[in-house]
Every structure is written in C-alpha cells, then in structure tokens.
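Note sheet for the following structure.
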Amino acid sequence: MLFSRILLGLTGVAFAGYGVYCAFDLDFVVQLTGLAFRAPSAAVESRAMYGGLQTGLGLLFLNSAVNQKMTAYGLVAMFFTMGGLAAGRGFGVSIDGIDEYNQGALIYESASALLAAFAIWRERKARTSPLFE
C-alpha cells in the first residue's frame with residue numbers, strides 16, 4: 001500500500017541521512033548528545049552505531065519502500081527498531097531524566113513505532129504479503 005511505502009521511504013531517508021552524517025561528523029554527535037570520546041575505540045563505536053547501523057537500517061527501509069515484496073518485512077523491522085529505541089529511551093529517561101534531545105527522540109520513535117504498527121495492520125488486513133497469511 002502507498003501509505004506503507006511512503007512511511008518506509010521517509011524513515012529510510014531520515015535514518016540513512018542521519019547515519020552517514022554521524023559517521024563523518026562525530027562533533028555533531030558530541031554536540032547533539034553530550035557523549036564524550038575518551039579513546040579511539042569510543043569514536044569507532046559511535047561511527048558504527050550512529051553511522052553504520054543507522055545507515056544500514058535506512059537502506060533496508062528504503063529497499064522495503066521500493067520493493068513491494070519487501071514492504072511487509074520492512075514494516076516489521078521498523079516496528080521493532082523504533083519500538084525498541086522508544087522503550088530503551090523511555091527506560092533511560094525514567095532513570096536519568098529527560099532533556100530536549102531525548103524528549104524529541106522519544107516522541108519521534110514512539111510515533112514511528114505506532115505508525116509502523118498501523119501500517120502493518122493495514123497491510124495484514126489487505127493481505128499484501130505472505131508474511132500476513
């Protein structure tokens with residue numbers, strides 16, 4: 001369905017763009033999150049998680065948007081990715097407190113997980129994939 005593909009496409013662009021930017025500009029990550037890199041391994045870890053993982057997921061979501069056979073699988077991946085991020089962030093802010101960055105991220109991740117769940121429900125109702133049979 002068109003809604004699902006647009007949702008995946010927008011999320012894919014956001015993830016891939018953010019990931020590539022973070023991989024090349026660690027100062028951006030530092031300013032945005034307040035993380036400190038005390039050793040080269042910490043910088044590498046940040047490039048891998050903020051850069052590589054985000055970019056890889058973004059490309060998966062983009063592929064799922066353009067390849068209808070993958071749309072349902074991309075939605076499921078999006079639901080668990082965004083839901084997991086929201087749950088982990090919610091847990092973190094309940095312990096450590098919330099700031100503007102985490103508030104925005106929590107809203108984005110929660111809304112994205114809910115939109116993915118809605119899209120899965122619609123796809124399942126339309127039986128657009130063997131995944132939903």
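Within each chain, counting starts at residue 1; across the structure tokens, chains are named A, B, ... in the order shown, with ligands numbered 1 upward in that order.
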Near-region 66-74 of chain A list (7 Å; only C-alpha atoms; drop same-chain fewer than 2 positions) as a VMD selection string:
chain A and resid 5 60 to 64 76 to 78 120 129 131
Do you know which residues are at most 10 Å from Tyr50 (chain A) counting only C-alpha atoms, after dropping those on the same chain fewer than 6 positions away, and could you put them as a VMD selection string?
chain A and resid 15 18 to 23 26 29 44
Could you save the residues just selected, with all heavy atoms, as a JSON list (two decimals), in the first residue's frame?
[["chain", "number", "residue", "atom", "x", "y", "z"],
["A", 15, "PHE", "N", 16.90, 7.89, 8.41],
["A", 15, "PHE", "CA", 17.92, 7.03, 9.04],
["A", 15, "PHE", "C", 19.22, 7.06, 8.26],
["A", 15, "PHE", "O", 20.31, 7.21, 8.84],
["A", 15, "PHE", "CB", 17.41, 5.60, 9.16],
["A", 15, "PHE", "CG", 16.84, 5.26, 10.50],
["A", 15, "PHE", "CD1", 15.72, 5.91, 10.99],
["A", 15, "PHE", "CD2", 17.41, 4.28, 11.28],
["A", 15, "PHE", "CE1", 15.19, 5.61, 12.22],
["A", 15, "PHE", "CE2", 16.89, 3.95, 12.53],
["A", 15, "PHE", "CZ", 15.78, 4.63, 13.00],
["A", 18, "TYR", "N", 20.92, 10.58, 8.46],
["A", 18, "TYR", "CA", 21.46, 10.80, 9.81],
["A", 18, "TYR", "C", 22.68, 9.92, 10.04],
["A", 18, "TYR", "O", 23.69, 10.35, 10.59],
["A", 18, "TYR", "CB", 20.37, 10.50, 10.83],
["A", 18, "TYR", "CG", 20.73, 10.73, 12.27],
["A", 18, "TYR", "CD1", 20.85, 12.02, 12.77],
["A", 18, "TYR", "CD2", 20.93, 9.67, 13.15],
["A", 18, "TYR", "CE1", 21.17, 12.24, 14.11],
["A", 18, "TYR", "CE2", 21.24, 9.88, 14.48],
["A", 18, "TYR", "CZ", 21.36, 11.17, 14.96],
["A", 18, "TYR", "OH", 21.67, 11.38, 16.27],
["A", 19, "GLY", "N", 22.60, 8.67, 9.59],
["A", 19, "GLY", "CA", 23.71, 7.75, 9.79],
["A", 19, "GLY", "C", 24.97, 8.18, 9.06],
["A", 19, "GLY", "O", 26.07, 8.18, 9.64],
["A", 20, "VAL", "N", 24.85, 8.56, 7.81],
["A", 20, "VAL", "CA", 26.02, 9.00, 7.04],
["A", 20, "VAL", "C", 26.61, 10.25, 7.68],
["A", 20, "VAL", "O", 27.83, 10.36, 7.85],
["A", 20, "VAL", "CB", 25.65, 9.24, 5.56],
["A", 20, "VAL", "CG1", 26.77, 9.96, 4.82],
["A", 20, "VAL", "CG2", 25.32, 7.92, 4.87],
["A", 21, "TYR", "N", 25.76, 11.18, 8.05],
["A", 21, "TYR", "CA", 26.25, 12.42, 8.66],
["A", 21, "TYR", "C", 26.99, 12.13, 9.97],
["A", 21, "TYR", "O", 28.08, 12.65, 10.21],
["A", 21, "TYR", "CB", 25.09, 13.39, 8.90],
["A", 21, "TYR", "CG", 25.54, 14.78, 9.21],
["A", 21, "TYR", "CD1", 25.96, 15.63, 8.19],
["A", 21, "TYR", "CD2", 25.57, 15.24, 10.51],
["A", 21, "TYR", "CE1", 26.40, 16.92, 8.47],
["A", 21, "TYR", "CE2", 26.00, 16.53, 10.80],
["A", 21, "TYR", "CZ", 26.41, 17.36, 9.78],
["A", 21, "TYR", "OH", 26.85, 18.63, 10.06],
["A", 22, "CYS", "N", 26.41, 11.29, 10.80],
["A", 22, "CYS", "CA", 27.04, 10.95, 12.08],
["A", 22, "CYS", "C", 28.36, 10.21, 11.90],
["A", 22, "CYS", "O", 29.30, 10.40, 12.68],
["A", 22, "CYS", "CB", 26.10, 10.13, 12.95],
["A", 22, "CYS", "SG", 24.72, 11.07, 13.63],
["A", 23, "ALA", "N", 28.43, 9.36, 10.89],
["A", 23, "ALA", "CA", 29.66, 8.61, 10.65],
["A", 23, "ALA", "C", 30.83, 9.53, 10.33],
["A", 23, "ALA", "O", 31.97, 9.26, 10.72],
["A", 23, "ALA", "CB", 29.45, 7.60, 9.52],
["A", 26, "LEU", "N", 31.69, 13.36, 13.96],
["A", 26, "LEU", "CA", 31.49, 12.99, 15.36],
["A", 26, "LEU", "C", 31.26, 14.21, 16.25],
["A", 26, "LEU", "O", 30.63, 14.08, 17.30],
["A", 26, "LEU", "CB", 32.68, 12.18, 15.87],
["A", 26, "LEU", "CG", 32.80, 10.76, 15.33],
["A", 26, "LEU", "CD1", 34.00, 10.06, 15.94],
["A", 26, "LEU", "CD2", 31.53, 9.96, 15.60],
["A", 29, "VAL", "N", 27.62, 14.51, 16.77],
["A", 29, "VAL", "CA", 27.12, 13.56, 17.78],
["A", 29, "VAL", "C", 27.42, 14.09, 19.19],
["A", 29, "VAL", "O", 26.55, 14.05, 20.06],
["A", 29, "VAL", "CB", 27.73, 12.16, 17.57],
["A", 29, "VAL", "CG1", 27.29, 11.20, 18.68],
["A", 29, "VAL", "CG2", 27.38, 11.61, 16.21],
["A", 44, "VAL", "N", 35.15, 4.94, 17.29],
["A", 44, "VAL", "CA", 34.81, 3.88, 16.34],
["A", 44, "VAL", "C", 33.43, 3.30, 16.65],
["A", 44, "VAL", "O", 32.61, 3.08, 15.75],
["A", 44, "VAL", "CB", 35.89, 2.77, 16.34],
["A", 44, "VAL", "CG1", 35.44, 1.55, 15.53],
["A", 44, "VAL", "CG2", 37.21, 3.31, 15.80]]
Of the candidates A:Ala86, A:Met1, A:Asp99, A:Gly17, which shows the shortest atom-to-atom distance to Arg124 (chain A), using only C-alpha atoms?
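Closest to Arg124 (chain A), using only C-alpha atoms: A:Met1.
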Quick one, how far is CA of Met82 (chain A) from CA of Asn102 (chain A)?
13.9 Å
Surrounding residues of Phe118 (chain A) excluding itself and chain neighbours under 6 positions, 10 Å, only C-alpha atoms, as an MDAnalysis selection string:
chainID A and resid 3:4 75 79 112 124
Can you work out the spacing between CA of Leu2 (chain A) and CA of Gly104 (chain A) in Å, to one decimal?
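It comes out at 26.7 Å.
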